[in-house]
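This is model-v2.pdb. It holds PDB, C-alpha atoms.
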MODEL        1
ATOM      1  CA  MET A 251       3.670-117.130  63.676
ATOM      2  CA  SER A 252       0.997-119.764  63.298
ATOM      3  CA  THR A 253      -0.650-120.916  60.103
ATOM      4  CA  THR A 254      -4.343-121.629  59.821
ATOM      5  CA  ALA A 255      -5.953-123.189  56.792
ATOM      6  CA  ARG A 256      -9.220-121.475  56.027
ATOM      7  CA  ASP A 257     -11.114-121.159  52.816
ATOM      8  CA  GLY A 258     -14.440-119.435  52.335
ATOM      9  CA  GLY A 259     -14.539-117.528  55.601
ATOM     10  CA  ALA A 260     -17.411-117.030  57.958
ATOM     11  CA  GLY A 261     -20.120-114.567  57.112
ATOM     12  CA  HIS A 262     -20.580-111.286  58.953
ATOM     13  CA  ASP A 263     -23.164-111.718  61.706
ATOM     14  CA  GLY A 264     -23.857-108.032  62.265
ATOM     15  CA  GLY A 265     -23.090-107.963  65.987
ATOM     16  CA  ALA A 266     -19.801-109.781  66.436
ATOM     17  CA  VAL A 267     -16.523-107.960  66.457
ATOM     18  CA  GLY A 268     -14.528-109.395  63.566
ATOM     19  CA  GLU A 269     -11.167-108.559  62.169
ATOM     20  CA  ILE A 270     -10.358-105.161  60.769
ATOM     21  CA  VAL A 271      -9.672-105.802  57.084
ATOM     22  CA  LEU A 272      -7.954-103.577  54.544
ATOM     23  CA  VAL A 273      -8.446-103.324  50.793
ATOM     24  CA  GLY A 274      -7.195-100.601  48.502
ATOM     25  CA  HIS A 275      -5.602 -99.385  45.343
ATOM     26  CA  ALA A 276      -2.410-101.163  44.291
ATOM     27  CA  ASP A 277      -1.013 -98.172  42.434
ATOM     28  CA  LEU A 278      -0.233 -95.680  45.200
ATOM     29  CA  THR A 279       2.794 -93.436  44.918
ATOM     30  CA  PRO A 280       5.601 -93.914  47.470
ATOM     31  CA  ARG A 281       4.647 -90.645  49.204
ATOM     32  CA  THR A 282       1.004 -91.735  49.337
ATOM     33  CA  LEU A 283       2.015 -95.024  50.960
ATOM     34  CA  GLU A 284       3.755 -93.026  53.717
ATOM     35  CA  LEU A 285       0.632 -90.897  54.219
ATOM     36  CA  VAL A 286      -1.617 -93.971  54.221
ATOM     37  CA  GLU A 287       0.571 -95.838  56.718
ATOM     38  CA  CYS A 288       0.487 -92.868  59.120
ATOM     39  CA  GLU A 289      -3.282 -92.511  58.765
ATOM     40  CA  LEU A 290      -3.882 -96.236  59.250
ATOM     41  CA  ARG A 291      -1.699 -96.281  62.358
ATOM     42  CA  ARG A 292      -3.594 -93.300  63.791
ATOM     43  CA  ARG A 293      -6.961 -94.945  63.153
ATOM     44  CA  LEU A 294      -5.878 -98.286  64.589
ATOM     45  CA  GLU A 295      -4.458 -96.649  67.726
ATOM     46  CA  GLU A 296      -7.647 -94.600  68.280
ATOM     47  CA  ARG A 297     -10.035 -97.509  67.761
ATOM     48  CA  ARG A 298     -11.343 -98.848  71.061
ATOM     49  CA  VAL A 299     -12.272-102.258  69.652
ATOM     50  CA  ARG A 300      -9.200-104.457  69.836
ATOM     51  CA  GLY A 301      -9.874-106.744  66.867
ATOM     52  CA  SER A 302      -7.033-108.238  64.880
ATOM     53  CA  ALA A 303      -5.922-106.667  61.614
ATOM     54  CA  MET A 304      -6.176-108.844  58.505
ATOM     55  CA  VAL A 305      -4.957-108.267  54.973
ATOM     56  CA  ARG A 306      -4.401-110.279  51.819
ATOM     57  CA  CYS A 307      -0.685-110.534  51.101
ATOM     58  CA  GLY A 308       0.656-107.927  48.658
ATOM     59  CA  ALA A 309       2.729-104.827  48.086
ATOM     60  CA  GLY A 310       1.524-101.259  48.579
ATOM     61  CA  ALA A 311      -1.474-100.647  50.833
ATOM     62  CA  PRO A 312      -1.384-104.176  52.363
ATOM     63  CA  LEU A 313       2.212-103.678  53.502
ATOM     64  CA  ALA A 314       1.451-100.188  54.839
ATOM     65  CA  PHE A 315      -1.464-101.704  56.792
ATOM     66  CA  GLY A 316       0.699-104.515  58.152
ATOM     67  CA  ARG A 317       3.296-102.044  59.406
ATOM     68  CA  ALA A 318       0.612 -99.799  60.918
ATOM     69  CA  ALA A 319      -1.113-102.745  62.600
ATOM     70  CA  ARG A 320       2.073-103.938  64.269
ATOM     71  CA  ALA A 321       3.091-100.405  65.275
ATOM     72  CA  SER A 322      -0.322 -99.930  66.919
ATOM     73  CA  GLY A 323       0.004-103.174  68.883
ATOM     74  CA  ARG A 324      -2.571-105.175  66.936
ATOM     75  CA  ARG A 325      -2.319-108.830  66.031
ATOM     76  CA  LEU A 326      -1.716-109.144  62.296
ATOM     77  CA  ILE A 327      -3.200-111.907  60.180
ATOM     78  CA  VAL A 328      -1.866-112.215  56.633
ATOM     79  CA  VAL A 329      -3.864-114.141  54.046
ATOM     80  CA  ILE A 330      -1.654-116.016  51.610
ATOM     81  CA  PRO A 331      -2.644-117.795  48.398
ATOM     82  CA  THR A 332      -2.665-121.565  48.099
ATOM     83  CA  ASP A 333      -2.917-123.974  45.244
ATOM     84  CA  ASP A 334      -4.519-127.208  46.499
ATOM     85  CA  GLY A 335      -3.481-126.354  50.066
ATOM     86  CA  ILE A 336       0.147-125.564  49.196
ATOM     87  CA  PRO A 337       1.270-121.922  49.536
ATOM     88  CA  ALA A 338       1.531-120.349  46.080
ATOM     89  CA  MET A 339       4.336-118.059  44.929
ATOM     90  CA  PRO A 340       3.099-114.449  44.811
ATOM     91  CA  PRO A 341       3.695-112.348  41.693
ATOM     92  CA  ARG A 342       7.204-110.895  41.461
ATOM     93  CA  ARG A 343       5.992-107.371  42.343
ATOM     94  CA  ASP A 344       4.618-108.672  45.679
ATOM     95  CA  ARG A 345       7.417-110.999  46.819
ATOM     96  CA  THR A 346       9.462-108.602  48.952
ATOM     97  CA  ALA A 347       6.298-107.231  50.572
ATOM     98  CA  ALA A 348       5.025-110.774  51.158
ATOM     99  CA  GLY A 349       8.229-111.627  53.007
ATOM    100  CA  GLU A 350       7.977-108.537  55.214
ATOM    101  CA  LEU A 351       4.273-109.099  55.890
ATOM    102  CA  LEU A 352       4.895-112.701  56.923
ATOM    103  CA  ASN A 353       7.660-111.522  59.271
ATOM    104  CA  LEU A 354       5.252-109.000  60.818
ATOM    105  CA  ALA A 355       2.375-111.491  61.037
ATOM    106  CA  ASP A 356       1.161-113.284  64.135
ATOM    107  CA  GLN A 357      -0.732-115.684  61.915
ATOM    108  CA  ALA A 358      -0.924-116.646  58.247
ATOM    109  CA  ARG A 359      -4.234-117.863  56.854
ATOM    110  CA  LEU A 360      -4.214-119.985  53.753
ATOM    111  CA  LEU A 361      -6.851-119.171  51.157
ATOM    112  CA  GLU A 362      -7.357-120.915  47.832
ATOM    113  CA  TYR A 363      -6.894-118.340  45.066
ATOM    114  CA  ASP A 364      -4.579-117.626  42.150
ATOM    115  CA  PRO A 365      -2.548-114.455  42.823
ATOM    116  CA  TYR A 366      -1.867-114.105  39.081
ATOM    117  CA  HIS A 367      -5.524-113.594  38.117
ATOM    118  CA  ARG A 368      -7.608-110.553  38.958
ATOM    119  CA  ASP A 369     -10.940-112.361  39.279
ATOM    120  CA  SER A 370      -9.444-114.905  41.656
ATOM    121  CA  CYS A 371      -7.909-112.103  43.770
ATOM    122  CA  VAL A 372     -11.240-110.255  43.887
ATOM    123  CA  GLY A 373     -12.973-113.469  44.971
ATOM    124  CA  ALA A 374     -10.398-113.927  47.737
ATOM    125  CA  ASP A 375     -10.911-110.324  48.852
ATOM    126  CA  GLU A 376     -14.677-110.876  48.949
ATOM    127  CA  ARG A 377     -14.244-113.905  51.234
ATOM    128  CA  VAL A 378     -11.913-111.969  53.543
ATOM    129  CA  VAL A 379     -14.206-108.914  53.604
ATOM    130  CA  ALA A 380     -17.252-111.113  54.328
ATOM    131  CA  SER A 381     -15.605-112.310  57.554
ATOM    132  CA  SER A 382     -14.664-108.820  58.756
ATOM    133  CA  GLY A 383     -16.133-106.558  61.391
ATOM    134  CA  LEU A 384     -14.786-103.390  59.753
ATOM    135  CA  LEU A 385     -13.410-102.628  56.307
ATOM    136  CA  LEU A 386     -10.774 -99.936  55.871
ATOM    137  CA  ALA A 387     -10.590 -98.985  52.190
ATOM    138  CA  VAL A 388      -7.662 -97.039  50.753
ATOM    139  CA  TRP A 389      -9.798 -95.564  48.010
ATOM    140  CA  ASP A 390      -9.951 -92.337  46.046
ATOM    141  CA  GLY A 391     -13.649 -92.796  45.197
ATOM    142  CA  SER A 392     -13.061 -93.889  41.597
ATOM    143  CA  PRO A 393     -15.168 -96.684  40.071
ATOM    144  CA  SER A 394     -13.830-100.213  39.649
ATOM    145  CA  ASN A 395     -12.176-100.914  36.333
ATOM    146  CA  GLY A 396     -10.235-103.715  34.685
ATOM    147  CA  ARG A 397      -7.283-103.342  37.050
ATOM    148  CA  ASP A 398      -8.768-102.197  40.341
ATOM    149  CA  ALA A 399     -11.735-103.549  42.306
ATOM    150  CA  THR A 400     -11.649-101.295  45.374
ATOM    151  CA  ALA A 401     -15.014 -99.662  44.605
ATOM    152  CA  HIS A 402     -16.551-103.109  44.122
ATOM    153  CA  LEU A 403     -15.219-104.308  47.498
ATOM    154  CA  VAL A 404     -16.560-101.214  49.279
ATOM    155  CA  THR A 405     -19.997-101.835  47.731
ATOM    156  CA  TYR A 406     -19.731-105.543  48.577
ATOM    157  CA  ALA A 407     -19.046-104.767  52.260
ATOM    158  CA  ARG A 408     -21.771-102.148  52.533
ATOM    159  CA  ALA A 409     -24.328-104.507  50.964
ATOM    160  CA  ARG A 410     -23.543-106.994  53.751
ATOM    161  CA  GLY A 411     -23.863-104.430  56.540
ATOM    162  CA  ILE A 412     -20.130-104.343  57.234
ATOM    163  CA  PRO A 413     -18.982-100.891  58.377
ATOM    164  CA  VAL A 414     -16.613 -99.191  55.925
ATOM    165  CA  GLU A 415     -14.148 -96.384  56.572
ATOM    166  CA  ILE A 416     -12.495 -94.680  53.627
ATOM    167  CA  VAL A 417      -8.818 -93.820  53.988
ATOM    168  CA  TRP A 418      -7.625 -91.211  51.496
ATOM    169  CA  PRO A 419      -5.309 -88.660  53.138
ATOM    170  CA  ALA A 420      -4.914 -85.149  51.744
ATOM    171  CA  GLY A 421      -2.225 -85.184  49.049
ATOM    172  CA  ALA A 422      -2.695 -88.882  48.202
ATOM    173  CA  GLU A 423      -2.054 -89.851  44.579
ATOM    174  CA  ARG A 424      -2.042 -92.917  42.347
ATOM    175  CA  GLU A 425       0.364 -93.987  39.640
ATOM    176  CA  ALA A 426      -0.078 -96.418  36.750
ATOM    177  CA  VAL A 427       0.747-100.107  37.255
ATOM    178  CA  PRO A 428       0.151-103.096  34.986
ATOM    179  CA  ALA A 429      -3.201-104.818  35.326
ATOM    180  CA  VAL A 430      -3.565-108.231  36.953
ATOM    181  CA  PRO A 431      -4.641-110.556  34.105
ATOM    182  CA  ALA A 432      -8.187-111.898  34.045
ATOM    183  CA  ALA A 433      -8.736-115.611  34.625
ATOM    184  CA  GLY A 434      -7.482-117.739  31.754
ATOM    185  CA  ALA A 435      -4.649-115.383  30.757
ATOM    186  CA  ALA A 436      -1.153-116.829  30.480
ATOM    187  CA  ARG A 437       1.102-116.509  33.519
ATOM    188  CA  THR A 438       4.228-114.481  32.937
ATOM    189  CA  SER A 439       6.557-113.067  35.653
ATOM    190  CA  ARG A 440       6.957-116.204  37.813
TER     191      ARG A 440
ENDMDL
END
Since I need it in another form, could you write the structure as structure tokens?
Amino acid sequence: MSTTARDGGAGHDGGAVGEIVLVGHADLTPRTLELVECELRRRLEERRVRGSAMVRCGAGAPLAFGRAARASGRRLIVVIPTDDGIPAMPPRRDRTAAGELLNLADQARLLEYDPYHRDSCVGADERVVASSGLLLAVWDGSPSNGRDATAHLVTYARARGIPVEIVWPAGAEREAVPAVPAAGAARTSR
């Protein structure tokens, strides 16, 4: 695995084939994660464009995407948080998934953001999405709220002319998880 420092990302140029990026709800049930992983693998195997798969490090949909990308023979790029260029420790709920994703990855990209703050995570997702050629969104169609920004990221991609495919298999469900604190909130769970 190689590591590339990159912050900000390149903008979408409309014609270039960029990475296939995934965003999605963090509160999927275990059964839904199985359904999503199967659907993502199917879509990645059927896609003629051979772009790399890229995802911001985390549990749930990002891990399902990482597994599906590797199973479909795609290069996997995992975006990890940094603090002044030094990799940052992910929140406790994401640590096991982060380890597996880094083991699956062909490349890790460093991106300056605070994984403990929602606004910082959304900003990181926007930078990753802006550099993509296709956005896969694990999304049930619900609006963004204080804990989930999937609808915002879909709108963000569409406003920039980035193709979006919604992934929400029949029988998919969400469960409640704690919100990621807004910027300025105290860090707990380190």
If the PyMOL selection byres ((chain A and resi 334) around 12) were run on this exact file, what residues would it hold? Put them as a list in words.
Ala255, Asp257, Pro331, Thr332, Asp333, Gly335, Ile336, Pro337, Ala338, Leu360, Leu361, Glu362, Tyr363 and Asp364 of chain A
Write out as number ranges by chain which residues come within 6 Å of range 274-281 of chain A when counting only C-alpha atoms, dropping same-chain ones fewer than 5 positions away.
A: 310, 387-389, 400, 424-425, 427
Explicit residue set for the PyMOL selection byres ((chain A and resi 371-374) around 9), as an mmCIF file with C-alpha atoms, in the coordinates of the input:
data_model
loop_
_atom_site.group_PDB
_atom_site.id
_atom_site.type_symbol
_atom_site.label_atom_id
_atom_site.label_comp_id
_atom_site.auth_asym_id
_atom_site.auth_seq_id
_atom_site.Cartn_x
_atom_site.Cartn_y
_atom_site.Cartn_z
ATOM 1 C CA ASP A 257 -11.114 -121.159 52.816
ATOM 2 C CA GLY A 258 -14.440 -119.435 52.335
ATOM 3 C CA ARG A 306 -4.401 -110.279 51.819
ATOM 4 C CA PRO A 331 -2.644 -117.795 48.398
ATOM 5 C CA LEU A 361 -6.851 -119.171 51.157
ATOM 6 C CA GLU A 362 -7.357 -120.915 47.832
ATOM 7 C CA TYR A 363 -6.894 -118.340 45.066
ATOM 8 C CA ASP A 364 -4.579 -117.626 42.150
ATOM 9 C CA PRO A 365 -2.548 -114.455 42.823
ATOM 10 C CA TYR A 366 -1.867 -114.105 39.081
ATOM 11 C CA HIS A 367 -5.524 -113.594 38.117
ATOM 12 C CA ARG A 368 -7.608 -110.553 38.958
ATOM 13 C CA ASP A 369 -10.940 -112.361 39.279
ATOM 14 C CA SER A 370 -9.444 -114.905 41.656
ATOM 15 C CA ASP A 375 -10.911 -110.324 48.852
ATOM 16 C CA GLU A 376 -14.677 -110.876 48.949
ATOM 17 C CA ARG A 377 -14.244 -113.905 51.234
ATOM 18 C CA VAL A 378 -11.913 -111.969 53.543
ATOM 19 C CA VAL A 379 -14.206 -108.914 53.604
ATOM 20 C CA ALA A 399 -11.735 -103.549 42.306
ATOM 21 C CA HIS A 402 -16.551 -103.109 44.122
ATOM 22 C CA LEU A 403 -15.219 -104.308 47.498
ATOM 23 C CA VAL A 430 -3.565 -108.231 36.953
#
Could you give me the centre and size, in Å to one decimal, of an axis-aligned box around all listed atoms of range 378-389 of chain A with 4 Å added on every side, as JSON?
{"center_x": -12.5, "center_y": -103.9, "center_z": 54.7, "size_x": 17.6, "size_y": 24.7, "size_z": 21.4}
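Proximity of A:Ala303, A:Leu385, A:Asp390, A:Asp398 to Ile412 in chain A, computed with only C-alpha atoms, is greatest for A:Leu385.
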Exactly which residues make up the result of the PyMOL selection byres ((chain A and resi 382) around 7) on this file, given as a VMD selection string?
chain A and resid 262 268 to 271 378 to 381 383 to 385
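With distances restricted to all atoms listed in the file, A:Leu294 is the closest residue to Glu415 in chain A from A:Leu294, A:Cys288, A:Ala321, A:Gly308.
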May I ask which of the residues A:Ala311, A:Ala347, A:Ala401, A:Ala358 is the closest one to Thr282 in chain A, counting all atoms listed in the file?
A:Ala311
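Environment of (4.8, -107.7, 46.6): residues at most 6 Å away, judged by all atoms listed in the file, are Gly308, Ala309, Arg343, Asp344, Arg345, Thr346, Ala347 and Ala348 of chain A.
Across the model, the gap from CA of Tyr406 in chain A to CA of Ala420 in chain A is 25.4 Å.
The two atoms in question, CA of Asn395 in chain A and CA of Phe315 in chain A, are spaced 23.1 Å apart.
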Point-to-point distance from CA of Leu285 in chain A to CA of Arg320 in chain A, Å rounded to tenths
16.5 Å
Taking into account all atoms listed in the file, which residue in the set A:Leu290, A:Cys307, A:Leu352, A:Ala422 is nearest to Ala319 in chain A?
A:Leu290
Once N, CA, C and O atoms are restored for range 267-279 of chain A, what would the output be as a PDB file, keeping the file's coordinate frame?
ATOM      1  N   VAL A 267     -17.680-108.747  66.819  1.00  0.00           N
ATOM      2  CA  VAL A 267     -16.523-107.960  66.457  1.00  0.00           C
ATOM      3  C   VAL A 267     -15.597-108.874  65.677  1.00  0.00           C
ATOM      4  O   VAL A 267     -15.092-109.849  66.213  1.00  0.00           O
ATOM      5  N   GLY A 268     -15.416-108.604  64.401  1.00  0.00           N
ATOM      6  CA  GLY A 268     -14.528-109.395  63.566  1.00  0.00           C
ATOM      7  C   GLY A 268     -13.226-108.654  63.360  1.00  0.00           C
ATOM      8  O   GLY A 268     -12.967-107.622  63.969  1.00  0.00           O
ATOM      9  N   GLU A 269     -12.429-109.204  62.483  1.00  0.00           N
ATOM     10  CA  GLU A 269     -11.167-108.559  62.169  1.00  0.00           C
ATOM     11  C   GLU A 269     -11.387-107.245  61.424  1.00  0.00           C
ATOM     12  O   GLU A 269     -12.399-107.047  60.770  1.00  0.00           O
ATOM     13  N   ILE A 270     -10.406-106.391  61.544  1.00  0.00           N
ATOM     14  CA  ILE A 270     -10.358-105.161  60.769  1.00  0.00           C
ATOM     15  C   ILE A 270      -9.587-105.509  59.505  1.00  0.00           C
ATOM     16  O   ILE A 270      -8.428-105.920  59.573  1.00  0.00           O
ATOM     17  N   VAL A 271     -10.247-105.387  58.363  1.00  0.00           N
ATOM     18  CA  VAL A 271      -9.672-105.802  57.084  1.00  0.00           C
ATOM     19  C   VAL A 271      -9.373-104.575  56.238  1.00  0.00           C
ATOM     20  O   VAL A 271     -10.105-103.585  56.294  1.00  0.00           O
ATOM     21  N   LEU A 272      -8.310-104.669  55.447  1.00  0.00           N
ATOM     22  CA  LEU A 272      -7.954-103.577  54.544  1.00  0.00           C
ATOM     23  C   LEU A 272      -8.003-104.048  53.100  1.00  0.00           C
ATOM     24  O   LEU A 272      -7.550-105.138  52.779  1.00  0.00           O
ATOM     25  N   VAL A 273      -8.552-103.189  52.245  1.00  0.00           N
ATOM     26  CA  VAL A 273      -8.446-103.324  50.793  1.00  0.00           C
ATOM     27  C   VAL A 273      -8.040-101.951  50.276  1.00  0.00           C
ATOM     28  O   VAL A 273      -8.175-100.948  50.971  1.00  0.00           O
ATOM     29  N   GLY A 274      -7.549-101.909  49.048  1.00  0.00           N
ATOM     30  CA  GLY A 274      -7.195-100.601  48.502  1.00  0.00           C
ATOM     31  C   GLY A 274      -6.482-100.678  47.179  1.00  0.00           C
ATOM     32  O   GLY A 274      -6.133-101.750  46.688  1.00  0.00           O
ATOM     33  N   HIS A 275      -6.280 -99.513  46.624  1.00  0.00           N
ATOM     34  CA  HIS A 275      -5.602 -99.385  45.343  1.00  0.00           C
ATOM     35  C   HIS A 275      -4.184 -99.938  45.422  1.00  0.00           C
ATOM     36  O   HIS A 275      -3.487 -99.735  46.421  1.00  0.00           O
ATOM     37  N   ALA A 276      -3.755-100.594  44.352  1.00  0.00           N
ATOM     38  CA  ALA A 276      -2.410-101.163  44.291  1.00  0.00           C
ATOM     39  C   ALA A 276      -1.407-100.189  43.681  1.00  0.00           C
ATOM     40  O   ALA A 276      -0.214-100.471  43.685  1.00  0.00           O
ATOM     41  N   ASP A 277      -1.877 -99.071  43.202  1.00  0.00           N
ATOM     42  CA  ASP A 277      -1.013 -98.172  42.434  1.00  0.00           C
ATOM     43  C   ASP A 277      -0.762 -96.836  43.137  1.00  0.00           C
ATOM     44  O   ASP A 277      -0.782 -95.781  42.532  1.00  0.00           O
ATOM     45  N   LEU A 278      -0.494 -96.899  44.430  1.00  0.00           N
ATOM     46  CA  LEU A 278      -0.233 -95.680  45.200  1.00  0.00           C
ATOM     47  C   LEU A 278       1.219 -95.248  45.039  1.00  0.00           C
ATOM     48  O   LEU A 278       2.119 -96.085  44.965  1.00  0.00           O
ATOM     49  N   THR A 279       1.426 -93.949  45.008  1.00  0.00           N
ATOM     50  CA  THR A 279       2.794 -93.436  44.918  1.00  0.00           C
ATOM     51  C   THR A 279       3.530 -93.709  46.236  1.00  0.00           C
ATOM     52  O   THR A 279       2.888 -93.909  47.278  1.00  0.00           O
TER      53      THR A 279
END
